[in-house]
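Structure data (PDB, C-alpha atoms and all ligand atoms) from structure30.pdb:
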```pdb
ATOM      1  CA  MET A   1       3.730   2.995-112.653  1.00  0.00           C
ATOM      2  CA  ASP A   2       6.825   4.692-111.272  1.00  0.00           C
ATOM      3  CA  ASN A   3       8.854   4.836-114.480  1.00  0.00           C
ATOM      4  CA  PRO A   4       6.492   5.285-117.450  1.00  0.00           C
ATOM      5  CA  TYR A   5       7.748   5.563-121.033  1.00  0.00           C
ATOM      6  CA  PRO A   6       5.664   8.236-122.780  1.00  0.00           C
ATOM      7  CA  VAL A   7       4.817   7.725-126.461  1.00  0.00           C
ATOM      8  CA  ASN A   8       2.167   8.467-129.082  1.00  0.00           C
ATOM      9  CA  LEU A   9       0.969   5.252-130.716  1.00  0.00           C
ATOM     10  CA  ASP A  10      -0.179   4.652-134.302  1.00  0.00           C
ATOM     11  CA  LEU A  11      -3.017   2.130-133.855  1.00  0.00           C
ATOM     12  CA  THR A  12      -4.294   2.210-137.432  1.00  0.00           C
ATOM     13  CA  LYS A  13      -2.903  -1.271-138.164  1.00  0.00           C
ATOM     14  CA  LYS A  14      -3.596  -2.688-134.715  1.00  0.00           C
ATOM     15  CA  THR A  15      -6.447  -4.769-133.352  1.00  0.00           C
ATOM     16  CA  VAL A  16      -7.918  -3.700-130.033  1.00  0.00           C
ATOM     17  CA  ALA A  17     -10.253  -5.784-127.856  1.00  0.00           C
ATOM     18  CA  VAL A  18     -12.429  -4.029-125.305  1.00  0.00           C
ATOM     19  CA  ILE A  19     -13.949  -6.484-122.839  1.00  0.00           C
ATOM     20  CA  GLY A  20     -17.110  -4.948-121.387  1.00  0.00           C
ATOM     21  CA  GLY A  21     -19.304  -2.347-123.058  1.00  0.00           C
ATOM     22  CA  GLY A  22     -20.315   0.025-120.271  1.00  0.00           C
ATOM     23  CA  LYS A  23     -19.663   3.661-119.390  1.00  0.00           C
ATOM     24  CA  VAL A  24     -15.906   3.375-118.973  1.00  0.00           C
ATOM     25  CA  ALA A  25     -15.651   1.316-122.168  1.00  0.00           C
ATOM     26  CA  ALA A  26     -17.576   4.053-124.003  1.00  0.00           C
ATOM     27  CA  ARG A  27     -14.935   6.618-123.017  1.00  0.00           C
ATOM     28  CA  LYS A  28     -11.982   4.402-123.951  1.00  0.00           C
ATOM     29  CA  ILE A  29     -13.641   3.401-127.266  1.00  0.00           C
ATOM     30  CA  LYS A  30     -14.214   7.037-128.243  1.00  0.00           C
ATOM     31  CA  THR A  31     -10.475   7.703-127.986  1.00  0.00           C
ATOM     32  CA  LEU A  32      -9.603   4.443-129.792  1.00  0.00           C
ATOM     33  CA  VAL A  33     -12.019   5.124-132.669  1.00  0.00           C
ATOM     34  CA  ASN A  34     -10.630   8.643-132.935  1.00  0.00           C
ATOM     35  CA  ALA A  35      -7.203   7.016-133.342  1.00  0.00           C
ATOM     36  CA  LYS A  36      -8.672   4.814-136.127  1.00  0.00           C
ATOM     37  CA  ALA A  37      -7.904   1.568-134.311  1.00  0.00           C
ATOM     38  CA  HIS A  38      -9.776  -1.636-135.246  1.00  0.00           C
ATOM     39  CA  VAL A  39     -11.947  -2.103-132.181  1.00  0.00           C
ATOM     40  CA  THR A  40     -13.774  -5.316-131.207  1.00  0.00           C
ATOM     41  CA  VAL A  41     -16.041  -5.124-128.165  1.00  0.00           C
ATOM     42  CA  ILE A  42     -16.820  -8.362-126.329  1.00  0.00           C
ATOM     43  CA  SER A  43     -19.772  -7.776-124.023  1.00  0.00           C
ATOM     44  CA  PRO A  44     -23.349  -9.008-123.502  1.00  0.00           C
ATOM     45  CA  ALA A  45     -24.548  -5.364-123.443  1.00  0.00           C
ATOM     46  CA  LEU A  46     -23.479  -2.108-125.089  1.00  0.00           C
ATOM     47  CA  ASP A  47     -23.829   1.389-123.628  1.00  0.00           C
ATOM     48  CA  PRO A  48     -25.921   3.630-125.943  1.00  0.00           C
ATOM     49  CA  LYS A  49     -22.976   6.075-126.086  1.00  0.00           C
ATOM     50  CA  ILE A  50     -21.012   3.497-128.115  1.00  0.00           C
ATOM     51  CA  ASP A  51     -21.613   3.971-131.854  1.00  0.00           C
ATOM     52  CA  GLN A  52     -22.108   0.429-133.147  1.00  0.00           C
ATOM     53  CA  THR A  53     -21.127   1.435-136.683  1.00  0.00           C
ATOM     54  CA  THR A  54     -17.564   2.229-135.546  1.00  0.00           C
ATOM     55  CA  ILE A  55     -16.770  -1.101-133.854  1.00  0.00           C
ATOM     56  CA  THR A  56     -17.274  -4.847-134.154  1.00  0.00           C
ATOM     57  CA  TRP A  57     -19.556  -6.046-131.369  1.00  0.00           C
ATOM     58  CA  ILE A  58     -19.349  -9.668-130.254  1.00  0.00           C
ATOM     59  CA  ARG A  59     -22.437  -9.990-128.095  1.00  0.00           C
ATOM     60  CA  LYS A  60     -21.405 -12.406-125.364  1.00  0.00           C
ATOM     61  CA  ALA A  61     -19.594 -12.758-122.060  1.00  0.00           C
ATOM     62  CA  TYR A  62     -15.806 -12.989-122.192  1.00  0.00           C
ATOM     63  CA  ALA A  63     -14.263 -16.418-122.689  1.00  0.00           C
ATOM     64  CA  ALA A  64     -10.658 -17.531-122.954  1.00  0.00           C
ATOM     65  CA  GLY A  65      -9.537 -17.342-126.596  1.00  0.00           C
ATOM     66  CA  ASP A  66     -11.419 -14.104-127.377  1.00  0.00           C
ATOM     67  CA  ILE A  67      -8.252 -12.029-127.127  1.00  0.00           C
ATOM     68  CA  ARG A  68      -5.865 -14.426-128.852  1.00  0.00           C
ATOM     69  CA  ASP A  69      -5.326 -12.325-131.999  1.00  0.00           C
ATOM     70  CA  MET A  70      -5.510  -8.908-130.369  1.00  0.00           C
ATOM     71  CA  ASP A  71      -2.589  -6.481-130.099  1.00  0.00           C
ATOM     72  CA  VAL A  72      -4.100  -4.306-127.386  1.00  0.00           C
ATOM     73  CA  ILE A  73      -6.607  -5.388-124.731  1.00  0.00           C
ATOM     74  CA  ILE A  74      -8.731  -3.231-122.450  1.00  0.00           C
ATOM     75  CA  ALA A  75     -10.372  -5.172-119.606  1.00  0.00           C
ATOM     76  CA  CYS A  76     -13.307  -2.973-118.786  1.00  0.00           C
ATOM     77  CA  THR A  77     -16.091  -5.059-117.235  1.00  0.00           C
ATOM     78  CA  ASN A  78     -17.671  -4.209-113.874  1.00  0.00           C
ATOM     79  CA  ASN A  79     -16.412  -7.545-112.553  1.00  0.00           C
ATOM     80  CA  PRO A  80     -12.802  -7.261-111.299  1.00  0.00           C
ATOM     81  CA  ALA A  81     -12.421 -11.073-111.389  1.00  0.00           C
ATOM     82  CA  VAL A  82     -13.250 -11.111-115.117  1.00  0.00           C
ATOM     83  CA  ASN A  83     -10.837  -8.218-115.726  1.00  0.00           C
ATOM     84  CA  GLN A  84      -8.164 -10.183-113.871  1.00  0.00           C
ATOM     85  CA  GLN A  85      -8.939 -13.290-115.931  1.00  0.00           C
ATOM     86  CA  VAL A  86      -8.516 -11.314-119.152  1.00  0.00           C
ATOM     87  CA  THR A  87      -5.191  -9.982-117.862  1.00  0.00           C
ATOM     88  CA  ASP A  88      -4.028 -13.475-116.939  1.00  0.00           C
ATOM     89  CA  ASP A  89      -5.080 -14.883-120.334  1.00  0.00           C
ATOM     90  CA  ALA A  90      -3.018 -12.315-122.259  1.00  0.00           C
ATOM     91  CA  SER A  91       0.430 -13.207-123.578  1.00  0.00           C
ATOM     92  CA  HIS A  92       3.454 -11.199-122.540  1.00  0.00           C
ATOM     93  CA  PHE A  93       3.657  -9.581-125.989  1.00  0.00           C
ATOM     94  CA  GLN A  94       0.101  -8.214-125.804  1.00  0.00           C
ATOM     95  CA  TRP A  95      -0.570  -4.847-124.163  1.00  0.00           C
ATOM     96  CA  VAL A  96      -3.209  -4.912-121.433  1.00  0.00           C
ATOM     97  CA  ASN A  97      -5.044  -2.098-119.679  1.00  0.00           C
ATOM     98  CA  ASN A  98      -6.948  -3.469-116.690  1.00  0.00           C
ATOM     99  CA  THR A  99      -9.284  -0.584-115.898  1.00  0.00           C
ATOM    100  CA  SER A 100     -10.135  -1.781-112.407  1.00  0.00           C
ATOM    101  CA  ASP A 101      -6.561  -2.453-111.244  1.00  0.00           C
ATOM    102  CA  LYS A 102      -3.677  -0.237-112.251  1.00  0.00           C
ATOM    103  CA  THR A 103      -1.162  -2.704-110.823  1.00  0.00           C
ATOM    104  CA  GLN A 104      -2.276  -5.157-113.543  1.00  0.00           C
ATOM    105  CA  SER A 105      -1.869  -2.762-116.484  1.00  0.00           C
ATOM    106  CA  ASP A 106       0.928  -2.553-119.069  1.00  0.00           C
ATOM    107  CA  PHE A 107      -0.164   0.969-120.037  1.00  0.00           C
ATOM    108  CA  TYR A 108      -2.358   3.756-118.748  1.00  0.00           C
ATOM    109  CA  ASN A 109      -4.674   6.008-120.694  1.00  0.00           C
ATOM    110  CA  VAL A 110      -4.130   9.735-120.338  1.00  0.00           C
ATOM    111  CA  ALA A 111      -6.273  12.848-120.268  1.00  0.00           C
ATOM    112  CA  GLN A 112      -5.850  14.701-123.545  1.00  0.00           C
ATOM    113  CA  ILE A 113      -6.416  17.921-125.441  1.00  0.00           C
ATOM    114  CA  GLU A 114      -6.180  17.498-129.183  1.00  0.00           C
ATOM    115  CA  THR A 115      -6.348  19.841-132.138  1.00  0.00           C
ATOM    116  CA  ASP A 116      -5.121  19.334-135.713  1.00  0.00           C
ATOM    117  CA  GLN A 117      -1.593  20.414-134.818  1.00  0.00           C
ATOM    118  CA  LEU A 118      -1.349  19.725-131.107  1.00  0.00           C
ATOM    119  CA  LEU A 119      -1.692  16.885-128.626  1.00  0.00           C
ATOM    120  CA  LEU A 120      -1.320  17.648-124.935  1.00  0.00           C
ATOM    121  CA  THR A 121      -1.579  14.742-122.536  1.00  0.00           C
ATOM    122  CA  VAL A 122      -1.790  14.641-118.749  1.00  0.00           C
ATOM    123  CA  SER A 123      -0.915  11.719-116.508  1.00  0.00           C
ATOM    124  CA  THR A 124      -0.594  11.471-112.751  1.00  0.00           C
ATOM    125  CA  LYS A 125       1.255   8.175-113.223  1.00  0.00           C
ATOM    126  CA  GLY A 126      -1.882   6.439-112.006  1.00  0.00           C
ATOM    127  CA  HIS A 127      -2.104   8.317-108.714  1.00  0.00           C
ATOM    128  CA  SER A 128      -5.256  10.348-109.383  1.00  0.00           C
ATOM    129  CA  PRO A 129      -7.151  10.136-112.698  1.00  0.00           C
ATOM    130  CA  ALA A 130      -9.637  12.757-111.445  1.00  0.00           C
ATOM    131  CA  THR A 131      -6.715  15.170-110.962  1.00  0.00           C
ATOM    132  CA  ALA A 132      -5.517  14.474-114.511  1.00  0.00           C
ATOM    133  CA  LYS A 133      -9.014  15.326-115.762  1.00  0.00           C
ATOM    134  CA  HIS A 134      -9.054  18.505-113.651  1.00  0.00           C
ATOM    135  CA  ILE A 135      -5.617  19.658-114.892  1.00  0.00           C
ATOM    136  CA  LYS A 136      -6.739  19.011-118.477  1.00  0.00           C
ATOM    137  CA  LYS A 137      -9.772  21.258-117.988  1.00  0.00           C
ATOM    138  CA  GLU A 138      -7.657  24.017-116.426  1.00  0.00           C
ATOM    139  CA  LEU A 139      -5.159  23.752-119.298  1.00  0.00           C
ATOM    140  CA  LEU A 140      -7.960  23.969-121.862  1.00  0.00           C
ATOM    141  CA  THR A 141      -9.320  27.120-120.222  1.00  0.00           C
ATOM    142  CA  TRP A 142      -5.830  28.658-120.336  1.00  0.00           C
ATOM    143  CA  LEU A 143      -5.283  27.572-123.944  1.00  0.00           C
ATOM    144  CA  LYS A 144      -8.608  29.072-125.035  1.00  0.00           C
ATOM    145  CA  SER A 145      -7.502  32.419-123.562  1.00  0.00           C
ATOM    146  CA  GLN A 146      -4.484  32.400-125.903  1.00  0.00           C
ATOM    147  CA  LYS A 147      -4.873  34.210-129.225  1.00  0.00           C
ATOM    148  CA  TRP A 148      -2.888  31.563-131.139  1.00  0.00           C
ATOM    149  CA  PHE A 149      -5.010  28.637-129.946  1.00  0.00           C
ATOM    150  CA  GLY A 150      -7.744  27.161-132.164  1.00  0.00           C
ATOM    151  CA  GLU A 151     -10.615  25.001-131.020  1.00  0.00           C
ATOM    152  CA  GLY A 152      -9.619  22.204-128.587  1.00  0.00           C
ATOM    153  CA  ARG A 153     -11.836  19.266-127.807  1.00  0.00           C
TER     154      ARG A 153
HETATM  155  C1  LIG B   1      -4.442   3.922-114.058  1.00  0.00           C
HETATM  156  C2  LIG B   1      -5.538   4.356-115.061  1.00  0.00           C
HETATM  157  C3  LIG B   1      -5.622   3.219-116.073  1.00  0.00           C
HETATM  158  C4  LIG B   1      -6.526   3.526-117.266  1.00  0.00           C
HETATM  159  O1  LIG B   1      -7.736   3.431-117.128  1.00  0.00           O
HETATM  160  O2  LIG B   1      -5.958   3.820-118.321  1.00  0.00           O
HETATM  161  C5  LIG B   1      -6.871   4.587-114.386  1.00  0.00           C
HETATM  162  C6  LIG B   1      -7.371   3.774-113.412  1.00  0.00           C
HETATM  163  C7  LIG B   1      -8.510   3.997-112.608  1.00  0.00           C
HETATM  164  N1  LIG B   1      -9.371   5.061-112.739  1.00  0.00           N
HETATM  165  C8  LIG B   1     -10.318   4.996-111.777  1.00  0.00           C
HETATM  166  C9  LIG B   1     -11.344   5.936-111.575  1.00  0.00           C
HETATM  167  C10 LIG B   1     -11.627   7.069-112.381  1.00  0.00           C
HETATM  168  N2  LIG B   1     -11.054   7.377-113.603  1.00  0.00           N
HETATM  169  C11 LIG B   1     -11.575   8.534-114.081  1.00  0.00           C
HETATM  170  C12 LIG B   1     -11.260   9.137-115.328  1.00  0.00           C
HETATM  171  C13 LIG B   1     -10.190   8.860-116.149  1.00  0.00           C
HETATM  172  N3  LIG B   1      -9.248   7.887-115.920  1.00  0.00           N
HETATM  173  C14 LIG B   1      -8.232   7.983-116.805  1.00  0.00           C
HETATM  174  C15 LIG B   1      -7.062   7.243-116.758  1.00  0.00           C
HETATM  175  C16 LIG B   1      -6.687   6.267-115.825  1.00  0.00           C
HETATM  176  N4  LIG B   1      -7.507   5.681-114.920  1.00  0.00           N
HETATM  177  C17 LIG B   1      -5.297   5.713-115.775  1.00  0.00           C
HETATM  178  C18 LIG B   1      -4.321   6.630-114.989  1.00  0.00           C
HETATM  179  C19 LIG B   1      -4.334   8.089-115.417  1.00  0.00           C
HETATM  180  C20 LIG B   1      -3.282   8.914-114.749  1.00  0.00           C
HETATM  181  O3  LIG B   1      -2.100   8.513-114.781  1.00  0.00           O
HETATM  182  O4  LIG B   1      -3.577  10.006-114.215  1.00  0.00           O
HETATM  183  C21 LIG B   1      -8.441   9.128-117.759  1.00  0.00           C
HETATM  184  C22 LIG B   1      -7.412  10.234-117.426  1.00  0.00           C
HETATM  185  C23 LIG B   1      -8.240   8.754-119.226  1.00  0.00           C
HETATM  186  C24 LIG B   1      -9.266   7.782-119.806  1.00  0.00           C
HETATM  187  O5  LIG B   1      -9.821   6.944-119.131  1.00  0.00           O
HETATM  188  O6  LIG B   1      -9.494   7.908-121.013  1.00  0.00           O
HETATM  189  C25 LIG B   1      -9.924   9.550-117.448  1.00  0.00           C
HETATM  190  C26 LIG B   1     -10.237  11.051-117.488  1.00  0.00           C
HETATM  191  C27 LIG B   1     -10.378  11.463-118.932  1.00  0.00           C
HETATM  192  C28 LIG B   1     -10.856  12.843-119.162  1.00  0.00           C
HETATM  193  O7  LIG B   1     -11.985  13.217-118.769  1.00  0.00           O
HETATM  194  O8  LIG B   1     -10.124  13.594-119.816  1.00  0.00           O
HETATM  195  C29 LIG B   1     -12.525   9.024-113.155  1.00  0.00           C
HETATM  196  C30 LIG B   1     -13.266  10.346-113.272  1.00  0.00           C
HETATM  197  C31 LIG B   1     -14.434  10.294-114.216  1.00  0.00           C
HETATM  198  O9  LIG B   1     -14.832   9.209-114.671  1.00  0.00           O
HETATM  199  O10 LIG B   1     -14.984  11.384-114.442  1.00  0.00           O
HETATM  200  C32 LIG B   1     -12.594   8.090-112.100  1.00  0.00           C
HETATM  201  C33 LIG B   1     -13.498   8.143-110.855  1.00  0.00           C
HETATM  202  C34 LIG B   1     -12.874   9.051-109.803  1.00  0.00           C
HETATM  203  C35 LIG B   1     -11.587   8.508-109.217  1.00  0.00           C
HETATM  204  O11 LIG B   1     -11.613   7.426-108.617  1.00  0.00           O
HETATM  205  O12 LIG B   1     -10.548   9.192-109.353  1.00  0.00           O
HETATM  206  C36 LIG B   1     -10.099   3.801-111.022  1.00  0.00           C
HETATM  207  C37 LIG B   1     -10.945   3.329-109.847  1.00  0.00           C
HETATM  208  C38 LIG B   1     -12.098   2.449-110.390  1.00  0.00           C
HETATM  209  C39 LIG B   1     -12.921   1.806-109.289  1.00  0.00           C
HETATM  210  O13 LIG B   1     -13.510   2.557-108.489  1.00  0.00           O
HETATM  211  O14 LIG B   1     -12.970   0.562-109.241  1.00  0.00           O
HETATM  212  C40 LIG B   1      -8.985   3.153-111.569  1.00  0.00           C
HETATM  213  C41 LIG B   1      -8.376   1.802-111.180  1.00  0.00           C
HETATM  214  C42 LIG B   1      -7.109   1.957-110.394  1.00  0.00           C
HETATM  215  O15 LIG B   1      -6.723   3.090-110.011  1.00  0.00           O
HETATM  216  O16 LIG B   1      -6.484   0.899-110.131  1.00  0.00           O
HETATM  217  N1  LIG B   2      -9.855   3.170-115.452  1.00  0.00           N
HETATM  218  C1  LIG B   2     -10.845   4.043-115.457  1.00  0.00           C
HETATM  219  O1  LIG B   2     -10.757   5.060-116.079  1.00  0.00           O
HETATM  220  C2  LIG B   2     -12.056   3.722-114.641  1.00  0.00           C
HETATM  221  C3  LIG B   2     -12.300   2.437-114.323  1.00  0.00           C
HETATM  222  N2  LIG B   2     -13.410   2.100-113.626  1.00  0.00           N
HETATM  223  C4  LIG B   2     -13.603   0.645-113.497  1.00  0.00           C
HETATM  224  O2  LIG B   2     -14.297   0.243-114.700  1.00  0.00           O
HETATM  225  C5  LIG B   2     -15.235  -0.783-114.398  1.00  0.00           C
HETATM  226  C6  LIG B   2     -16.426  -0.687-115.333  1.00  0.00           C
HETATM  227  O3  LIG B   2     -17.181   0.455-115.000  1.00  0.00           O
HETATM  228  P1  LIG B   2     -18.442   0.923-115.882  1.00  0.00           P
HETATM  229  O4  LIG B   2     -18.085   0.953-117.322  1.00  0.00           O
HETATM  230  O5  LIG B   2     -18.952   2.162-115.230  1.00  0.00           O
HETATM  231  O6  LIG B   2     -19.452  -0.308-115.627  1.00  0.00           O
HETATM  232  P2  LIG B   2     -20.816  -0.614-116.384  1.00  0.00           P
HETATM  233  O7  LIG B   2     -21.664  -1.339-115.412  1.00  0.00           O
HETATM  234  O8  LIG B   2     -21.336   0.632-117.056  1.00  0.00           O
HETATM  235  O9  LIG B   2     -20.398  -1.613-117.565  1.00  0.00           O
HETATM  236  C7  LIG B   2     -19.919  -2.879-117.339  1.00  0.00           C
HETATM  237  C8  LIG B   2     -19.948  -3.629-118.676  1.00  0.00           C
HETATM  238  O10 LIG B   2     -19.295  -4.897-118.525  1.00  0.00           O
HETATM  239  C9  LIG B   2     -20.065  -5.869-119.208  1.00  0.00           C
HETATM  240  N3  LIG B   2     -19.761  -7.196-118.642  1.00  0.00           N
HETATM  241  C10 LIG B   2     -20.062  -7.677-117.406  1.00  0.00           C
HETATM  242  N4  LIG B   2     -19.601  -8.940-117.267  1.00  0.00           N
HETATM  243  C11 LIG B   2     -18.973  -9.254-118.440  1.00  0.00           C
HETATM  244  C12 LIG B   2     -18.290 -10.420-118.910  1.00  0.00           C
HETATM  245  N5  LIG B   2     -18.166 -11.515-118.140  1.00  0.00           N
HETATM  246  N6  LIG B   2     -17.776 -10.400-120.169  1.00  0.00           N
HETATM  247  C13 LIG B   2     -17.894  -9.288-120.954  1.00  0.00           C
HETATM  248  N7  LIG B   2     -18.535  -8.159-120.545  1.00  0.00           N
HETATM  249  C14 LIG B   2     -19.059  -8.141-119.312  1.00  0.00           C
HETATM  250  C15 LIG B   2     -21.507  -5.432-118.988  1.00  0.00           C
HETATM  251  O11 LIG B   2     -22.362  -6.016-119.953  1.00  0.00           O
HETATM  252  C16 LIG B   2     -21.362  -3.919-119.195  1.00  0.00           C
HETATM  253  O12 LIG B   2     -21.432  -3.607-120.563  1.00  0.00           O
HETATM  254  C17 LIG B   2     -15.581  -0.577-112.909  1.00  0.00           C
HETATM  255  O13 LIG B   2     -15.701  -1.837-112.322  1.00  0.00           O
HETATM  256  C18 LIG B   2     -14.413   0.196-112.334  1.00  0.00           C
HETATM  257  O14 LIG B   2     -13.589  -0.672-111.569  1.00  0.00           O
HETATM  258  C19 LIG B   2     -14.316   3.035-113.207  1.00  0.00           C
HETATM  259  C20 LIG B   2     -14.108   4.371-113.478  1.00  0.00           C
HETATM  260  C21 LIG B   2     -12.959   4.816-114.253  1.00  0.00           C
END
```
Would you write out, as C-alpha cells, the structure that this file holds?
Ligand SMILES: C[C@@]1(CC(=O)O)c2cc3[nH]c(cc4nc(cc5[nH]c(cc(n2)[C@H]1CCC(=O)O)[C@@](C)(CC(=O)O)[C@@H]5CCC(=O)O)C(CC(=O)O)=C4CCC(=O)O)c(CCC(=O)O)c3CC(=O)O
Ligand SMILES: NC(=O)C1=CN([C@@H]2O[C@H](COP(=O)(O)OP(=O)(O)OC[C@H]3O[C@@H](n4cnc5c(N)ncnc54)[C@H](O)[C@@H]3O)[C@@H](O)[C@H]2O)C=CC1
Amino acid sequence: MDNPYPVNLDLTKKTVAVIGGGKVAARKIKTLVNAKAHVTVISPALDPKIDQTTITWIRKAYAAGDIRDMDVIIACTNNPAVNQQVTDDASHFQWVNNTSDKTQSDFYNVAQIETDQLLLTVSTKGHSPATAKHIKKELLTWLKSQKWFGEGR
C-alpha cells in the first residue's frame, strides 16, 4: 500500500466477520473486541485464546454468502485459496483484510500502544510487520521512561 489513508475507526455499529479462528485470528479479534465491534467468527475450530463470550461463533467452514451482511471482513484461515475466495466474494463497498496476501487487502492492521488518552500506531505500509512490532516495543520502553506516561498496554 503505497498511499495509505490513516484513520481511527468507530466500529461500535459495524459488523465484522473473521473467517478462520486460529492464532492470527485471536490477535485480530482481541483488537476488534477492544474496539467494541460486533464480531462473528466463521471457522470449524476456535483457538483457546479467543474468548467465546465476546464473539458469535459460527462453527463451520466458510461458504459463499457468509459475509453478505458484513461491513468489515478479515480472511484469516491457514488456506490462502480460501482467503482469496473470501476476498473475491466481497462486494466493493465491503472492507477486506486478507491476512495472507497484502496485495488483496483494502486495509492493514497496525501495531498499537493505547492508554485512556493516547493511541500510537505503527505501520510499515505492509513492508515488515515484525519491524512494526519491534518499533512499538521500543516506543513503549521509551514512553515508560517518561514521567508523564501512565500504563500502556
Ligand atoms: C499487511 C498486513 C495486513 C494485516 O494483517 O493487517 C500484514 C500482513 C502479513 N503479516 C505477516 C506476518 C507476520 N505478521 C506479524 C505481526 C503483525 N502483523 C501486523 C500487521 C500486518 N500484517 C499488516 C501490515 C502492517 C504494517 O504495515 O507494518 C501487526 C502489526 C498488527 C496485527 O496483526 O494486529 C502484527 C504485530 C502486532 C503487535 O505485536 O503489536 C508477525 C510477527 C508475529 O506474529 O509476532 C508476522 C510473522 C513475521 C513476519 O513475516 O514478518 C504476513 C506473512 C504471512 C505468511 O507467512 O503467510 C503477512 C501477509 C503479507 O505480507 O502479504
Ligand atoms: N497478517 C498477519 O498478521 C499474519 C498473517 N499470517 C497468515 O495467517 C494465516 C493463518 O495463520 P494462523 O492463524 O497461525 O493459522 P492457524 O492454523 O492457527 O488457524 C487457521 C484457522 O483457520 C480455520 N480454517 C481452515 N480452513 C477454513 C475454512 N475453509 N473456513 C473457515 N475456517 C477455516 C482453522 O479451523 C483454524 O481455526 C496464515 O496462513 C498466514 O498466511 C500469519 C502471521 C501473521
Practice task
Run the PyMOL selection byres (((chain A and resi 133-147) around 10) and not hetatm) on the file and write out the hits as a ChimeraX atom specification.
Solution key: /A:110-114,120-124,128-132,148-153
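Restricting the calculation to all atoms listed in the file, the smallest distance between Lys49 of chain A and any of A:Ala63, A:Ala26, A:Met70, A:Leu32 is found for A:Ala26.
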Handout entry: Residues returned when the PyMOL selection byres (((chain A and resi 17) around 6) and not hetatm) runs on this file, as an MDAnalysis selection string
Key = chainID A and resid 16 18 39:41 73
Problem - Given the PyMOL selection byres (((chain A and resi 9-13) around 10) and not hetatm), the residues it picks as a ChimeraX atom specification - result: /A:6-8,14-16,32-33,35-38,71-72
Which residues form the shell of 9 Å around ligand LIG 2 (chain B) when you count all atoms listed in the file, given as a PDB file with C-alpha atoms, keeping the file's coordinate frame?
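Everything below was put into result.pdb:
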```pdb
ATOM      1  CA  VAL A  18     -12.429  -4.029-125.305  1.00  0.00           C
ATOM      2  CA  ILE A  19     -13.949  -6.484-122.839  1.00  0.00           C
ATOM      3  CA  GLY A  20     -17.110  -4.948-121.387  1.00  0.00           C
ATOM      4  CA  GLY A  21     -19.304  -2.347-123.058  1.00  0.00           C
ATOM      5  CA  GLY A  22     -20.315   0.025-120.271  1.00  0.00           C
ATOM      6  CA  LYS A  23     -19.663   3.661-119.390  1.00  0.00           C
ATOM      7  CA  VAL A  24     -15.906   3.375-118.973  1.00  0.00           C
ATOM      8  CA  ALA A  25     -15.651   1.316-122.168  1.00  0.00           C
ATOM      9  CA  ALA A  26     -17.576   4.053-124.003  1.00  0.00           C
ATOM     10  CA  ARG A  27     -14.935   6.618-123.017  1.00  0.00           C
ATOM     11  CA  LYS A  28     -11.982   4.402-123.951  1.00  0.00           C
ATOM     12  CA  VAL A  41     -16.041  -5.124-128.165  1.00  0.00           C
ATOM     13  CA  ILE A  42     -16.820  -8.362-126.329  1.00  0.00           C
ATOM     14  CA  SER A  43     -19.772  -7.776-124.023  1.00  0.00           C
ATOM     15  CA  PRO A  44     -23.349  -9.008-123.502  1.00  0.00           C
ATOM     16  CA  ALA A  45     -24.548  -5.364-123.443  1.00  0.00           C
ATOM     17  CA  LEU A  46     -23.479  -2.108-125.089  1.00  0.00           C
ATOM     18  CA  ASP A  47     -23.829   1.389-123.628  1.00  0.00           C
ATOM     19  CA  ARG A  59     -22.437  -9.990-128.095  1.00  0.00           C
ATOM     20  CA  LYS A  60     -21.405 -12.406-125.364  1.00  0.00           C
ATOM     21  CA  ALA A  61     -19.594 -12.758-122.060  1.00  0.00           C
ATOM     22  CA  TYR A  62     -15.806 -12.989-122.192  1.00  0.00           C
ATOM     23  CA  ALA A  63     -14.263 -16.418-122.689  1.00  0.00           C
ATOM     24  CA  ALA A  75     -10.372  -5.172-119.606  1.00  0.00           C
ATOM     25  CA  CYS A  76     -13.307  -2.973-118.786  1.00  0.00           C
ATOM     26  CA  THR A  77     -16.091  -5.059-117.235  1.00  0.00           C
ATOM     27  CA  ASN A  78     -17.671  -4.209-113.874  1.00  0.00           C
ATOM     28  CA  ASN A  79     -16.412  -7.545-112.553  1.00  0.00           C
ATOM     29  CA  PRO A  80     -12.802  -7.261-111.299  1.00  0.00           C
ATOM     30  CA  ALA A  81     -12.421 -11.073-111.389  1.00  0.00           C
ATOM     31  CA  VAL A  82     -13.250 -11.111-115.117  1.00  0.00           C
ATOM     32  CA  ASN A  83     -10.837  -8.218-115.726  1.00  0.00           C
ATOM     33  CA  ASN A  97      -5.044  -2.098-119.679  1.00  0.00           C
ATOM     34  CA  ASN A  98      -6.948  -3.469-116.690  1.00  0.00           C
ATOM     35  CA  THR A  99      -9.284  -0.584-115.898  1.00  0.00           C
ATOM     36  CA  SER A 100     -10.135  -1.781-112.407  1.00  0.00           C
ATOM     37  CA  ASP A 101      -6.561  -2.453-111.244  1.00  0.00           C
ATOM     38  CA  LYS A 102      -3.677  -0.237-112.251  1.00  0.00           C
ATOM     39  CA  TYR A 108      -2.358   3.756-118.748  1.00  0.00           C
ATOM     40  CA  ASN A 109      -4.674   6.008-120.694  1.00  0.00           C
ATOM     41  CA  PRO A 129      -7.151  10.136-112.698  1.00  0.00           C
TER      42      PRO A 129
END
```
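Of the residues under consideration (A:Arg68, A:Thr87, A:Asn34, A:Trp57), A:Thr87 shows the shortest atom-to-atom contact distance to Thr103 of chain A when counting only C-alpha atoms.
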Problem - Nearest to ligand LIG 1 (chain B) by atom-to-atom distance, counting all atoms listed in the file, from A:Gln94, A:Ser105, A:Gln84, A:Thr53 - result: A:Ser105
Fill in the blank from the handout: For ligand LIG 1 (chain B), the closest of A:Ile50, A:Ala90, A:Leu119, A:Ile74 counting all atoms listed in the file is A:Ile74
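Take atom O8 of ligand LIG 1 (chain B) and atom CA of Trp95 of chain A: the distance between them is 21.2 Å.
The space separating atom O5 of ligand LIG 1 (chain B) from atom CA of Asp69 of chain A comes to 23.6 Å.
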How big is the axis-aligned box around the listed atoms of ligand LIG 1 (chain B) once 6 Å is added on each side, and where is its centre? Give both in Å to one decimal, as AutoDock Vina command-line options.
```
--center_x -8.5 --center_y 7.1 --center_z -114.8 --size_x 24.9 --size_y 25.0 --size_z 24.5
```
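Distance-wise, atom C22 of ligand LIG 1 (chain B) and atom CA of Gly126 of chain A end up 8.6 Å apart.
You can rank A:Ile67, A:Met1, A:Val86, A:Leu118 by their closest distance to ligand LIG 1 (chain B) using all atoms listed in the file, and at the top of that list sits A:Met1.
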